[in-house]
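Below is final04.txt, holding compact mmCIF, C-alpha atoms and all ligand atoms.
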# COMPACT_ATOMS: atom_id res chain seq x y z
CA MET A 1303 177.58 101.53 109.63
CA PRO A 1304 174.31 103.06 108.45
CA ARG A 1305 172.38 105.39 110.70
CA GLY A 1306 169.53 104.19 112.84
CA ILE A 1307 168.49 100.91 114.30
CA TRP A 1308 169.51 97.93 112.21
CA TYR A 1309 167.25 95.04 112.73
CA SER A 1310 166.95 92.14 110.38
CA CYS A 1311 165.17 89.00 111.33
CA ALA A 1312 163.36 88.01 108.13
CA GLY A 1313 166.60 88.26 106.16
CA ARG A 1314 168.03 85.48 108.32
CA ALA A 1315 164.88 83.44 108.18
CA LEU A 1316 165.18 81.29 105.09
CA ALA A 1317 168.92 81.00 105.54
CA ARG A 1318 168.44 79.65 109.04
CA ALA A 1319 165.60 77.40 107.95
CA ALA A 1320 167.33 76.18 104.82
CA PRO A 1321 169.58 73.51 106.33
CA PHE A 1322 166.55 72.08 108.11
CA MET A 1323 164.10 72.20 105.24
CA PRO A 1324 164.63 68.77 103.72
CA THR A 1325 164.04 67.06 107.06
CA GLY A 1326 160.84 69.08 107.49
CA ILE A 1327 159.25 67.06 104.72
CA VAL A 1328 157.88 63.72 105.77
CA PRO A 1329 158.01 61.41 102.77
CA HIS A 1330 154.95 59.28 102.13
CA SER A 1331 154.99 55.91 100.48
CA GLY A 1332 153.35 56.70 97.12
CA PRO A 1333 149.69 57.51 96.49
CA ARG A 1334 147.05 54.92 97.37
CA PRO A 1335 144.16 54.13 95.03
CA PHE A 1336 141.08 56.05 96.13
CA ASP A 1337 139.01 54.14 98.71
CA LEU A 1338 135.90 55.83 100.13
CA GLU A 1339 135.60 53.73 103.28
CA ARG A 1340 139.22 54.28 104.22
CA VAL A 1341 138.88 58.02 103.55
CA ARG A 1342 135.81 58.23 105.75
CA ALA A 1343 137.61 56.44 108.58
CA ASP A 1344 140.19 59.25 108.54
CA PHE A 1345 137.64 61.98 109.41
CA PRO A 1346 136.54 61.83 113.06
CA ILE A 1347 133.68 64.32 112.61
CA LEU A 1348 131.89 61.94 110.26
CA THR A 1349 131.02 59.66 113.17
CA ARG A 1350 128.96 62.32 114.96
CA LEU A 1351 125.21 62.57 114.78
CA VAL A 1352 123.32 65.75 113.92
CA ARG A 1353 119.82 65.87 115.38
CA GLY A 1354 120.12 62.14 115.92
CA LYS A 1355 120.92 61.47 112.25
CA ARG A 1356 124.11 60.56 110.40
CA LEU A 1357 125.91 63.72 109.31
CA VAL A 1358 125.51 64.21 105.56
CA TYR A 1359 128.10 66.88 104.87
CA LEU A 1360 127.62 68.37 101.42
CA ASP A 1361 129.18 71.78 102.04
CA THR A 1362 132.85 71.07 101.43
CA ALA A 1363 133.09 74.04 99.04
CA ALA A 1364 132.47 76.29 102.06
CA SER A 1365 134.96 74.43 104.24
CA ALA A 1366 136.27 70.87 104.17
CA GLN A 1367 136.31 68.56 107.19
CA LYS A 1368 139.70 67.65 108.66
CA PRO A 1369 141.39 64.25 108.76
CA ALA A 1370 142.77 63.10 112.12
CA ARG A 1371 146.36 63.46 110.97
CA VAL A 1372 145.87 67.20 110.36
CA LEU A 1373 144.32 67.61 113.82
CA ASP A 1374 147.20 65.61 115.30
CA ALA A 1375 149.85 67.64 113.47
CA VAL A 1376 148.45 70.92 114.83
CA ASP A 1377 148.10 69.45 118.31
CA ARG A 1378 151.65 68.04 118.20
CA PHE A 1379 153.01 71.39 117.08
CA TYR A 1380 151.61 73.15 120.17
CA ARG A 1381 152.49 70.31 122.55
CA GLU A 1382 156.04 69.69 121.36
CA HIS A 1383 157.45 72.46 119.16
CA ASN A 1384 155.65 75.73 119.86
CA ALA A 1385 157.80 78.87 119.56
CA ASN A 1386 157.96 81.82 117.21
CA VAL A 1387 159.66 81.30 113.87
CA HIS A 1388 162.74 82.90 112.30
CA ARG A 1389 163.76 84.53 115.59
CA GLY A 1390 165.25 82.31 118.20
CA VAL A 1391 168.57 80.56 118.07
CA TYR A 1392 167.22 78.01 120.51
CA THR A 1393 165.98 74.51 119.71
CA LEU A 1394 162.21 75.06 119.84
CA SER A 1395 162.34 78.09 117.57
CA GLU A 1396 164.53 76.24 115.11
CA GLU A 1397 162.11 73.32 115.12
CA ALA A 1398 159.14 75.64 114.59
CA THR A 1399 161.00 77.39 111.75
CA ARG A 1400 161.86 74.09 110.16
CA LEU A 1401 158.23 72.94 110.30
CA TYR A 1402 156.93 76.26 108.95
CA GLU A 1403 159.43 76.44 106.09
CA GLY A 1404 158.95 72.72 105.45
CA ALA A 1405 155.24 73.43 104.91
CA ARG A 1406 156.21 76.08 102.37
CA VAL A 1407 158.20 73.50 100.42
CA ARG A 1408 155.23 71.12 100.51
CA VAL A 1409 152.99 73.85 99.06
CA GLN A 1410 155.61 74.62 96.42
CA ARG A 1411 155.56 70.99 95.27
CA PHE A 1412 151.74 70.83 95.50
CA LEU A 1413 151.45 73.74 93.06
CA GLY A 1414 154.39 72.74 90.89
CA ALA A 1415 156.13 76.06 91.63
CA ARG A 1416 159.82 76.37 90.88
CA ASP A 1417 160.98 77.90 94.15
CA PRO A 1418 159.70 78.05 97.77
CA ARG A 1419 160.21 81.82 97.64
CA GLU A 1420 157.22 81.92 95.30
CA ILE A 1421 154.93 80.75 98.13
CA VAL A 1422 153.54 83.38 100.53
CA PHE A 1423 151.54 82.28 103.57
CA LEU A 1424 148.50 84.46 104.26
CA ARG A 1425 145.11 84.08 105.94
CA GLY A 1426 143.35 82.60 102.95
CA THR A 1427 142.29 83.21 99.37
CA THR A 1428 140.66 86.50 100.33
CA GLU A 1429 143.81 87.98 101.81
CA ALA A 1430 145.89 86.58 98.96
CA LEU A 1431 143.70 88.31 96.36
CA ASN A 1432 143.72 91.54 98.36
CA LEU A 1433 147.50 91.41 98.38
CA ALA A 1434 147.55 90.81 94.63
CA ALA A 1435 145.17 93.70 93.91
CA PHE A 1436 146.93 96.08 96.30
CA CYS A 1437 150.47 95.38 95.13
CA LEU A 1438 149.74 95.14 91.41
CA SER A 1439 147.62 98.32 91.41
CA THR A 1440 150.63 100.40 92.47
CA ARG A 1441 151.58 100.23 88.76
CA TRP A 1442 148.23 101.17 87.22
CA LYS A 1443 147.27 104.44 85.58
CA PRO A 1444 143.80 105.93 85.15
CA ASP A 1445 141.92 104.15 82.35
CA ASP A 1446 143.92 100.95 82.72
CA GLU A 1447 141.65 97.93 82.64
CA ILE A 1448 141.17 94.86 84.82
CA VAL A 1449 139.28 91.90 83.39
CA VAL A 1450 137.32 89.61 85.69
CA SER A 1451 134.67 87.02 84.85
CA ALA A 1452 130.95 87.03 85.56
CA LEU A 1453 131.48 83.96 87.75
CA GLU A 1454 133.70 85.59 90.35
CA HIS A 1455 133.36 85.23 94.09
CA HIS A 1456 133.30 88.62 95.84
CA SER A 1457 136.89 87.88 96.96
CA ASN A 1458 138.02 88.09 93.37
CA LEU A 1459 135.96 91.14 92.55
CA VAL A 1460 135.83 93.57 95.48
CA PRO A 1461 139.64 93.83 95.96
CA TRP A 1462 139.96 94.75 92.26
CA GLN A 1463 137.13 97.28 92.61
CA LEU A 1464 138.87 98.88 95.59
CA ALA A 1465 142.13 99.09 93.67
CA ALA A 1466 140.32 100.46 90.61
CA GLU A 1467 138.67 103.18 92.72
CA ARG A 1468 142.07 104.19 94.08
CA THR A 1469 143.76 104.34 90.70
CA GLY A 1470 141.03 105.29 88.22
CA ALA A 1471 141.27 101.90 86.48
CA ARG A 1472 138.16 100.20 85.07
CA ILE A 1473 136.74 96.72 85.61
CA ARG A 1474 135.57 94.77 82.56
CA VAL A 1475 133.63 91.54 82.77
CA ILE A 1476 133.86 88.35 80.68
CA PRO A 1477 130.29 87.22 79.92
CA LEU A 1478 129.08 83.61 79.98
CA ASN A 1479 127.88 81.13 77.37
CA ALA A 1480 124.52 79.38 77.77
CA ASP A 1481 126.14 76.53 79.76
CA HIS A 1482 127.77 79.19 82.03
CA SER A 1483 131.28 78.58 80.73
CA LEU A 1484 133.31 81.70 79.91
CA ASP A 1485 132.65 83.29 76.52
CA LEU A 1486 136.21 83.31 75.20
CA ASP A 1487 135.34 85.22 72.02
CA ALA A 1488 133.98 88.05 74.12
CA PHE A 1489 137.09 87.73 76.32
CA ASP A 1490 139.26 88.29 73.24
CA ARG A 1491 137.34 91.44 72.45
CA LEU A 1492 137.90 92.79 75.98
CA LEU A 1493 141.67 92.45 75.84
CA ASN A 1494 143.75 95.41 74.72
CA GLU A 1495 146.97 97.26 75.53
CA ARG A 1496 145.34 98.85 78.59
CA THR A 1497 144.55 95.47 80.18
CA GLN A 1498 146.76 95.13 83.25
CA VAL A 1499 145.32 92.07 84.95
CA VAL A 1500 142.99 89.19 84.10
CA ALA A 1501 141.59 87.81 87.37
CA VAL A 1502 139.54 84.61 87.11
CA SER A 1503 138.54 81.70 89.30
CA HIS A 1504 139.89 78.31 88.27
CA VAL A 1505 136.66 76.68 89.49
CA SER A 1506 133.48 78.62 90.17
CA ASN A 1507 132.21 78.15 93.73
CA ALA A 1508 128.60 78.75 92.67
CA LEU A 1509 128.36 76.53 89.57
CA GLY A 1510 131.52 74.39 89.46
CA CYS A 1511 132.61 75.61 85.97
CA VAL A 1512 136.31 74.95 85.28
CA ALA A 1513 138.04 77.82 83.45
CA PRO A 1514 140.39 77.03 80.52
CA LEU A 1515 143.29 78.72 82.27
CA ARG A 1516 146.00 77.89 79.79
CA GLU A 1517 144.11 79.52 76.97
CA ILE A 1518 143.19 82.49 79.12
CA SER A 1519 146.83 82.96 80.16
CA GLU A 1520 148.10 82.77 76.58
CA ARG A 1521 145.61 85.35 75.36
CA ALA A 1522 146.18 87.66 78.34
CA HIS A 1523 149.95 87.46 78.05
CA ALA A 1524 149.72 88.27 74.36
CA VAL A 1525 148.56 91.78 75.30
CA GLY A 1526 151.02 92.03 78.22
CA ALA A 1527 148.46 91.46 80.99
CA LEU A 1528 149.13 89.46 84.16
CA VAL A 1529 146.92 86.50 85.11
CA VAL A 1530 145.76 86.12 88.71
CA VAL A 1531 143.83 82.97 89.60
CA ASP A 1532 141.42 82.35 92.44
CA GLY A 1533 142.09 78.68 93.06
CA ALA A 1534 139.98 78.32 96.21
CA GLN A 1535 137.70 75.68 94.69
CA ALA A 1536 140.25 74.09 92.38
CA ALA A 1537 143.13 73.23 94.71
CA PRO A 1538 141.16 70.56 96.64
CA HIS A 1539 140.02 68.81 93.45
CA LEU A 1540 142.34 69.35 90.49
CA PRO A 1541 146.07 68.75 90.20
CA ILE A 1542 147.58 72.25 89.95
CA ARG A 1543 150.76 72.93 87.95
CA VAL A 1544 151.15 76.70 87.91
CA ALA A 1545 153.80 76.66 85.19
CA GLU A 1546 151.56 74.67 82.84
CA LEU A 1547 148.55 76.87 83.60
CA GLY A 1548 150.71 79.84 82.73
CA CYS A 1549 149.36 82.05 85.51
CA ASP A 1550 151.38 84.73 87.30
CA MET A 1551 149.63 84.40 90.66
CA TYR A 1552 147.50 81.63 92.16
CA ALA A 1553 145.60 81.85 95.46
CA PHE A 1554 143.99 79.15 97.60
CA SER A 1555 142.76 78.53 101.15
CA GLY A 1556 143.96 75.81 103.51
CA HIS A 1557 140.56 75.11 105.05
CA LYS A 1558 139.02 74.03 101.74
CA CYS A 1559 141.90 71.57 101.24
CA TYR A 1560 141.29 69.65 104.48
CA GLY A 1561 143.67 71.93 106.40
CA PRO A 1562 143.02 74.46 109.20
CA THR A 1563 141.21 77.78 108.87
CA GLY A 1564 143.28 80.96 109.00
CA ILE A 1565 145.99 79.82 106.58
CA GLY A 1566 146.14 80.29 102.83
CA VAL A 1567 148.60 80.76 100.04
CA LEU A 1568 149.53 83.17 97.32
CA TYR A 1569 151.83 81.75 94.68
CA GLY A 1570 153.52 84.46 92.66
CA ARG A 1571 156.16 84.13 89.94
CA LEU A 1572 159.45 84.96 91.62
CA GLU A 1573 160.50 87.81 89.31
CA LEU A 1574 157.06 89.36 89.70
CA MET A 1575 157.07 89.07 93.49
CA GLN A 1576 160.59 90.52 93.64
CA SER A 1577 159.35 93.56 91.75
CA LEU A 1578 156.38 94.28 94.02
CA PRO A 1579 156.22 96.62 97.02
CA PRO A 1580 155.21 95.25 100.46
CA TYR A 1581 151.56 94.70 101.31
CA GLN A 1582 151.69 95.31 105.08
CA GLY A 1583 154.45 96.71 107.27
CA GLY A 1584 155.78 95.27 110.51
CA GLY A 1585 158.25 92.79 111.90
CA GLU A 1586 159.70 90.01 109.75
CA MET A 1587 159.14 91.79 106.43
CA ILE A 1588 162.07 94.19 106.66
CA ARG A 1589 165.75 94.11 105.91
CA SER A 1590 166.60 97.22 107.90
CA VAL A 1591 164.68 99.89 109.78
CA SER A 1592 165.67 103.38 110.84
CA PHE A 1593 163.41 106.14 112.16
CA GLU A 1594 163.41 107.69 108.69
CA ARG A 1595 162.90 104.71 106.43
CA SER A 1596 163.01 100.98 105.99
CA THR A 1597 164.21 98.53 103.40
CA TYR A 1598 162.40 95.31 102.80
CA ALA A 1599 163.15 91.62 102.90
CA ASP A 1600 163.06 89.51 99.77
CA PRO A 1601 159.98 87.43 98.95
CA PRO A 1602 158.31 85.57 100.52
CA HIS A 1603 159.04 87.32 103.84
CA ARG A 1604 158.44 90.77 102.35
CA PHE A 1605 154.77 89.79 102.24
CA GLU A 1606 154.54 88.05 105.64
CA ALA A 1607 154.57 90.89 108.18
CA GLY A 1608 154.22 89.86 111.82
CA THR A 1609 154.00 86.45 113.41
CA PRO A 1610 152.49 84.09 110.85
CA ASP A 1611 149.96 81.32 111.47
CA ILE A 1612 152.65 78.76 112.21
CA SER A 1613 150.42 75.90 113.36
CA GLY A 1614 148.12 76.65 110.41
CA ALA A 1615 151.00 76.22 107.97
CA VAL A 1616 152.01 73.00 109.70
CA GLY A 1617 148.41 71.75 109.44
CA LEU A 1618 148.21 72.78 105.79
CA GLY A 1619 151.44 70.92 105.02
CA GLU A 1620 149.95 67.82 106.62
CA ALA A 1621 146.66 68.28 104.72
CA ILE A 1622 148.57 68.43 101.44
CA ASP A 1623 150.43 65.26 102.35
CA TYR A 1624 147.06 63.70 103.12
CA LEU A 1625 145.52 64.81 99.80
CA GLU A 1626 148.56 63.54 97.94
CA SER A 1627 148.48 60.26 99.81
CA TRP A 1628 145.49 59.35 97.58
CA ASP A 1629 145.95 58.86 93.88
CA ARG A 1630 144.57 62.19 92.70
CA ASP A 1631 143.48 60.95 89.28
CA SER A 1632 141.35 58.20 90.78
CA ALA A 1633 139.98 60.63 93.41
CA ARG A 1634 139.07 63.10 90.64
CA ALA A 1635 137.45 60.35 88.55
CA TYR A 1636 135.46 59.26 91.61
CA GLU A 1637 134.28 62.83 92.33
CA ARG A 1638 133.27 63.34 88.72
CA ALA A 1639 131.27 60.13 88.60
CA LEU A 1640 129.59 61.10 91.87
CA LEU A 1641 128.70 64.55 90.53
CA GLU A 1642 127.18 62.99 87.41
CA TYR A 1643 125.21 60.65 89.64
CA ALA A 1644 123.97 63.66 91.65
CA ILE A 1645 122.91 65.55 88.49
CA GLU A 1646 121.00 62.48 87.30
CA ARG A 1647 119.32 61.84 90.66
CA LEU A 1648 118.39 65.50 91.18
CA SER A 1649 116.71 65.68 87.80
CA THR A 1650 114.24 63.06 89.06
CA VAL A 1651 112.90 65.47 91.71
CA ASP A 1652 109.86 67.48 90.62
CA GLY A 1653 110.45 71.21 90.28
CA VAL A 1654 114.24 71.05 90.66
CA ARG A 1655 116.32 72.84 88.04
CA VAL A 1656 120.03 72.08 88.02
CA LEU A 1657 122.15 75.06 86.91
CA ALA A 1658 124.75 74.02 84.35
CA GLY A 1659 128.37 74.29 85.38
CA GLY A 1660 130.10 74.20 82.00
CA GLU A 1661 131.18 71.04 80.23
CA GLU A 1662 132.95 69.23 83.06
CA PRO A 1663 132.04 70.87 86.36
CA ALA A 1664 134.11 70.18 89.46
CA ALA A 1665 132.51 68.95 92.70
CA VAL A 1666 129.87 71.70 92.96
CA LEU A 1667 126.21 71.52 91.97
CA SER A 1668 123.72 74.37 92.27
CA CYS A 1669 120.00 74.06 91.80
CA VAL A 1670 116.81 76.06 92.26
CA LEU A 1671 113.45 74.72 93.42
CA LYS A 1672 110.29 76.01 91.82
CA GLY A 1673 108.39 78.18 94.30
CA ILE A 1674 110.67 77.38 97.26
CA HIS A 1675 113.38 79.63 98.69
CA PRO A 1676 116.73 77.80 99.02
CA HIS A 1677 117.04 78.95 102.67
CA ASP A 1678 113.77 77.23 103.57
CA ALA A 1679 114.92 74.08 101.81
CA ALA A 1680 118.30 74.10 103.60
CA THR A 1681 116.62 74.58 106.98
CA ILE A 1682 114.38 71.57 106.42
CA LEU A 1683 117.32 69.47 105.16
CA ASP A 1684 119.22 70.28 108.36
CA GLN A 1685 116.46 68.54 110.35
CA ASP A 1686 117.80 65.33 108.80
CA GLY A 1687 121.46 66.13 109.41
CA ILE A 1688 122.04 67.26 105.80
CA ALA A 1689 124.40 70.23 105.49
CA VAL A 1690 124.07 72.14 102.20
CA ARG A 1691 124.57 75.81 101.43
CA ALA A 1692 121.78 78.18 100.44
CA GLY A 1693 122.38 81.74 99.34
CA HIS A 1694 124.18 83.85 96.79
CA HIS A 1695 127.50 82.12 97.55
CA CYS A 1696 129.29 85.49 97.63
CA ALA A 1697 128.55 85.84 93.92
CA GLN A 1698 125.75 88.41 93.86
CA PRO A 1699 126.50 89.70 90.34
CA LEU A 1700 126.31 86.12 89.04
CA MET A 1701 122.97 85.54 90.79
CA GLU A 1702 121.66 88.70 89.15
CA LEU A 1703 122.80 87.42 85.79
CA LEU A 1704 121.13 84.05 86.40
CA GLY A 1705 117.97 85.86 87.47
CA VAL A 1706 117.75 84.09 90.84
CA PRO A 1707 118.18 85.56 94.34
CA ALA A 1708 119.99 82.46 95.58
CA THR A 1709 120.63 78.79 94.86
CA LEU A 1710 120.81 75.59 96.85
CA ARG A 1711 124.31 74.22 96.50
CA MET A 1712 125.70 70.80 97.33
CA SER A 1713 129.43 70.28 97.10
CA LEU A 1714 131.55 67.17 97.34
CA GLY A 1715 134.66 66.21 99.25
CA LEU A 1716 136.82 63.11 99.26
CA TYR A 1717 134.50 61.60 101.87
CA SER A 1718 131.26 62.15 99.92
CA GLY A 1719 129.37 59.10 98.69
CA ARG A 1720 126.24 58.04 96.84
CA ASP A 1721 124.55 57.61 100.22
CA ASP A 1722 125.02 61.37 100.81
CA VAL A 1723 123.55 62.24 97.42
CA ASP A 1724 120.65 59.82 98.01
CA ALA A 1725 119.94 61.41 101.40
CA PHE A 1726 119.94 64.85 99.75
CA VAL A 1727 117.47 63.69 97.10
CA VAL A 1728 115.16 62.10 99.70
CA GLY A 1729 115.44 65.33 101.71
CA LEU A 1730 114.50 67.41 98.66
CA ARG A 1731 111.42 65.26 98.06
CA LYS A 1732 110.44 65.94 101.66
CA VAL A 1733 110.98 69.68 101.13
CA ARG A 1734 108.66 69.53 98.12
CA GLU A 1735 106.03 67.67 100.11
CA TRP A 1736 106.16 70.20 102.93
CA LEU A 1737 106.47 73.41 100.93
CA GLY A 1738 105.79 72.63 97.28
N1 LIG B 1801 137.04 82.32 96.05
C1 LIG B 1801 136.21 81.29 95.94
C2 LIG B 1801 135.91 80.74 94.57
C3 LIG B 1801 135.67 80.72 97.08
O1 LIG B 1801 134.84 79.67 96.98
C4 LIG B 1801 135.97 81.26 98.35
C5 LIG B 1801 135.38 80.71 99.62
N2 LIG B 1801 133.99 80.60 99.59
C6 LIG B 1801 136.86 82.34 98.40
C7 LIG B 1801 137.37 82.85 97.24
C8 LIG B 1801 137.26 82.96 99.71
O2 LIG B 1801 137.99 82.04 100.45
P1 LIG B 1801 138.37 82.37 101.96
O3 LIG B 1801 137.09 82.75 102.63
O4 LIG B 1801 138.94 81.08 102.47
O5 LIG B 1801 139.35 83.49 101.93
Final C-alpha cells representation of the file:
Amino acid sequence: MPRGIWYSCAGRALARAAPFMPTGIVPHSGPRPFDLERVRADFPILTRLVRGKRLVYLDTAASAQKPARVLDAVDRFYREHNANVHRGVYTLSEEATRLYEGARVRVQRFLGARDPREIVFLRGTTEALNLAAFCLSTRWKPDDEIVVSALEHHSNLVPWQLAAERTGARIRVIPLNADHSLDLDAFDRLLNERTQVVAVSHVSNALGCVAPLREISERAHAVGALVVVDGAQAAPHLPIRVAELGCDMYAFSGHKCYGPTGIGVLYGRLELMQSLPPYQGGGEMIRSVSFERSTYADPPHRFEAGTPDISGAVGLGEAIDYLESWDRDSARAYERALLEYAIERLSTVDGVRVLAGGEEPAAVLSCVLKGIHPHDAATILDQDGIAVRAGHHCAQPLMELLGVPATLRMSLGLYSGRDDVDAFVVGLRKVREWLG
C-alpha cells in the first residue's frame, strides 16, 4: 500500500458512467428539412418586445438564443436529477453522471471525434484555448514559434502571448489577402522547424471568413507543428469533422450553439491529450494524492478539476440534439442565401461599406458607415428593437489592420429571416438620416 492518502474519484468516473452512457443519448428521428417558422416557434425569447417593437436579434455571433427544449433540459436536470457527478453511489448521482457523460458522447459525435475521452468540458472557447496554450507551452523552448492569423479573436491570441512570454517563444502572424482571406503563400513562408503550433479560427467572428483548415493542417503537420482551432463561430454553422479537418485541438462554446453559457469544449487528439500535463489541480483530476505528490487521472478528467458545469453540459447536449434535428445542409444553404441577401441589401444604403469576409463567409457581416461611429448606429438601432454588435469584436489587431476603430456587425442564427435583414436596412437608413 503506497504512503499517504489514496483518493481516486475521477479514475472511477468513466467506468461508473460507462454502462449508463448509451441510455444517456436520446435518439432523434432523423433531421428535418429547415423551416424558419418552425425554428422561430422553438425560441420563446423571440416573442418578446423590445421598446415596444419586435425583437430583431442579429447578434448570434456574440451569443445565440436558446430553444425551449434546452431551457427545459436544464430545468429538468435541477428539478429531477441534481447531484454531483462521478462521486455518489446513490441513484441521483448516477443519473447526473449518466447525463453528464451522455452529453460528452453527444459532443464527440457532433465533432466526429473517435473517442469520448477526446472531449474535455470547460467554461468556453476562451478557457479551452488557455488550456491548450498552457499545456502545449510546457514543451516549448526559447525561439520556438507560434503562428496565428491576423483575424484572431483575443481568445486565440492573448493565451499564446502569455505562453510565449513565459517560454521565450515568438508569435508570428499570417497576413491577409485583399478579400481578408488568409494569405497561404505567406503562411508557407512562416512555417519552419521551430514552429510548434498553428492557432487559427475556423470562422472569423469579425468578418465571417472561413479558413481552409485542411490545407492549413497539412502544411503545419509537414513541419511537425500542431494545429489548434478556435471553432467558436464555426460550430453553430458548419458541420465539423475533426478528423477530416486534420486538426489536433478544436475549441468551441456552448452558448453560441444554442446551449447555456458557462460550458464549452476542447477536443484534443487522444494521444496528444494523454501526453499533456494537467491544466488545473483539484478534485476529480487525480488518480492518487499524498502530502508529497499526486498522480493524475487519464483524459478527459485530468483536465476537469473540480465540480464541472453539469447542467451546462446537459443543456449543451440538448442544444446539439436540437441543431442536429434540422438538416444541417439545408440550414447552411439557407444561412448563406440570407447572408448574400444582406450583403445585397446593405449595399443599397448610402455610405455603407461592407467588409469582405473571404469567398464564402459564414453568418457574419461587418460594415462601416461613412462619418458615423458604429456605437452611435447600434444605439439608434436599439430604439427599434434591433440588436447588433458595434466595436472591435475582441479583434483589435485586425481593426488596426483594416484601419478602422470598430465595425457594425450583424450575425445570423437559425431563427434569422429576411424580415430581420430588412429591419436592419431600414434602421440604417434612419441612422443616416439622423447622423449622416
Ligand atoms: N473566438 C471567437 C472567434 C469568438 O467569436 C469568441 C466569442 N466572441 C471567442 C473565441 C470567445 O468565446 P467565449 O467568450 O465563449 O469563451
Enclose all atoms of ligand LIG 1801 (chain B) listed in the file in an axis-aligned box, grow every side by 4 Å, and hand back centre and edge lengths in Å to one decimal, as AutoDock Vina command-line options.
--center_x 136.7 --center_y 81.6 --center_z 98.6 --size_x 13.4 --size_y 11.8 --size_z 16.1
What does the distance from atom CA of Ile1421 of chain A to atom CA of Asp1344 of chain A come to in Å, to one decimal?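 The value is 28.1 Å.
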Within 7 Å of ligand LIG 1801 (chain B) (counting only C-alpha atoms and all ligand atoms), which residues show up? I'd like them as an MDAnalysis selection string. chainID A and resid 1363:1364 1426:1429 1454:1455 1457:1458 1503 1505:1507 1532:1535 1555 1557 1695
Around (140.3, 70.8, 101.9) in the file's frame, which residues reach within 8 Å when counting all atoms listed in the file? Return as an mmCIF file with C-alpha atoms, keeping the file's coordinate frame?
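Result written to part-v7.cif:
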data_model
loop_
_atom_site.group_PDB
_atom_site.id
_atom_site.type_symbol
_atom_site.label_atom_id
_atom_site.label_comp_id
_atom_site.auth_asym_id
_atom_site.auth_seq_id
_atom_site.Cartn_x
_atom_site.Cartn_y
_atom_site.Cartn_z
ATOM 1 C CA THR A 1362 132.850 71.070 101.430
ATOM 2 C CA SER A 1365 134.960 74.430 104.240
ATOM 3 C CA ALA A 1366 136.270 70.870 104.170
ATOM 4 C CA GLN A 1367 136.310 68.560 107.190
ATOM 5 C CA LYS A 1368 139.700 67.650 108.660
ATOM 6 C CA PRO A 1538 141.160 70.560 96.640
ATOM 7 C CA GLY A 1556 143.960 75.810 103.510
ATOM 8 C CA HIS A 1557 140.560 75.110 105.050
ATOM 9 C CA LYS A 1558 139.020 74.030 101.740
ATOM 10 C CA CYS A 1559 141.900 71.570 101.240
ATOM 11 C CA TYR A 1560 141.290 69.650 104.480
ATOM 12 C CA GLY A 1561 143.670 71.930 106.400
ATOM 13 C CA ALA A 1621 146.660 68.280 104.720
ATOM 14 C CA GLY A 1715 134.660 66.210 99.250
#
Residues within 8 Å of His1456 of chain A, please, as a list of chain:residue names. Count only C-alpha atoms; anything in the same chain fewer than 6 positions from it doesn't count.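 Using only C-alpha atoms, the neighbours found are A:Cys1696, A:Ala1697, A:Gln1698.
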Closest atom pairs, segment 1378-1427 of chain A residues within 10 Å of segment 1604-1607 of chain A, all atoms listed in the file, as a tab-separated table:
residue	atom	partner	partner_atom	distance
A:Ile1421	CA	A:Phe1605	CA	9.9
A:Val1422	CA	A:Phe1605	CA	6.7
A:Phe1423	CA	A:Glu1606	CA	6.8
A:Leu1424	CA	A:Glu1606	CA	7.2
Distance criterion (only C-alpha atoms): nearest to Leu1484 of chain A out of A:Leu1547, A:Val1525, A:Arg1571, A:Gly1659: A:Gly1659
Could you tell me how far atom CA of Gly1564 of chain A lies from atom CA of Glu1620 of chain A, in Å and to one decimal?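 It comes out at 14.9 Å.
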Tell me, as a list of chain:residue names, which residues lie within 9 Å of Leu1528 of chain A, counting all atoms listed in the file; anything in the same chain fewer than 4 positions away does not count.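 What passes the distance filter is A:Thr1497, A:Gln1498, A:Val1499, A:Val1500, A:Ala1501, A:Ser1519, A:Ala1522, A:His1523, A:Cys1549, A:Asp1550, A:Met1551.
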When you draw a straight line from atom CA of Glu1517 of chain A to atom CA of Met1701 of chain A, how long is it in Å? 26.0 Å
Selected residue, from A:Glu1642, A:Leu1486, A:Glu1339, A:Arg1371, that lies nearest to Ser1627 of chain A when counting all atoms listed in the file: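 For Ser1627 of chain A, the nearest of the given residues is A:Arg1371.
Contact shell of Ile1476 of chain A at 7 Å (all atoms listed in the file; same-chain neighbours under 4 positions omitted): Val1450, Ser1451, Ala1452, Leu1484, Asp1485, Ala1488 and Phe1489 of chain A.
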Tell me, as a list of chain:residue names, which residues lie within 10 Å of Val1651 of chain A, counting all atoms listed in the file; anything in the same chain fewer than 4 positions away does not count. A:Glu1646, A:Arg1647, A:Arg1655, A:Leu1671, A:Val1727, A:Val1728, A:Leu1730, A:Arg1731, A:Arg1734
Nearest residue to Asp1629 of chain A from the set A:Glu1420, A:Arg1381, A:Leu1716, A:Val1656 (distances using all atoms listed in the file):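 Closest to Asp1629 of chain A, using all atoms listed in the file: A:Leu1716.
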Go through A:Val1616, A:Ala1471, A:Leu1568, A:Leu1459 and flag the residue nearest Asp1446 of chain A, using all atoms listed in the file for the distances.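 For Asp1446 of chain A, the nearest of the candidates is A:Ala1471.
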Given the point (134.9, 54.5, 106.0) in the file's coordinates, find the residues that have an atom at most 12 Å from it, counting only C-alpha atoms, and give them as an NGL selection string. :A and (1336-1349 or 1716-1719)
Show which residues sit within 12 Å of Asp1445 of chain A, as a list in words. Count all atoms listed in the file, and ignore same-chain residues fewer than 5 positions away.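 Listing them by chain and then by number gives Ala1466, Glu1467, Arg1468, Thr1469, Gly1470, Ala1471, Arg1472, Ile1473, Arg1474, Asn1494, Glu1495, Arg1496, Thr1497 and Gln1498 of chain A.
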Which of these, A:Ile1565, A:Ala1536, A:Ala1658, A:Tyr1598, has the shortest distance to Gln1582 of chain A once you count only C-alpha atoms?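 Using only C-alpha atoms, the shortest distance to Gln1582 of chain A belongs to A:Tyr1598.
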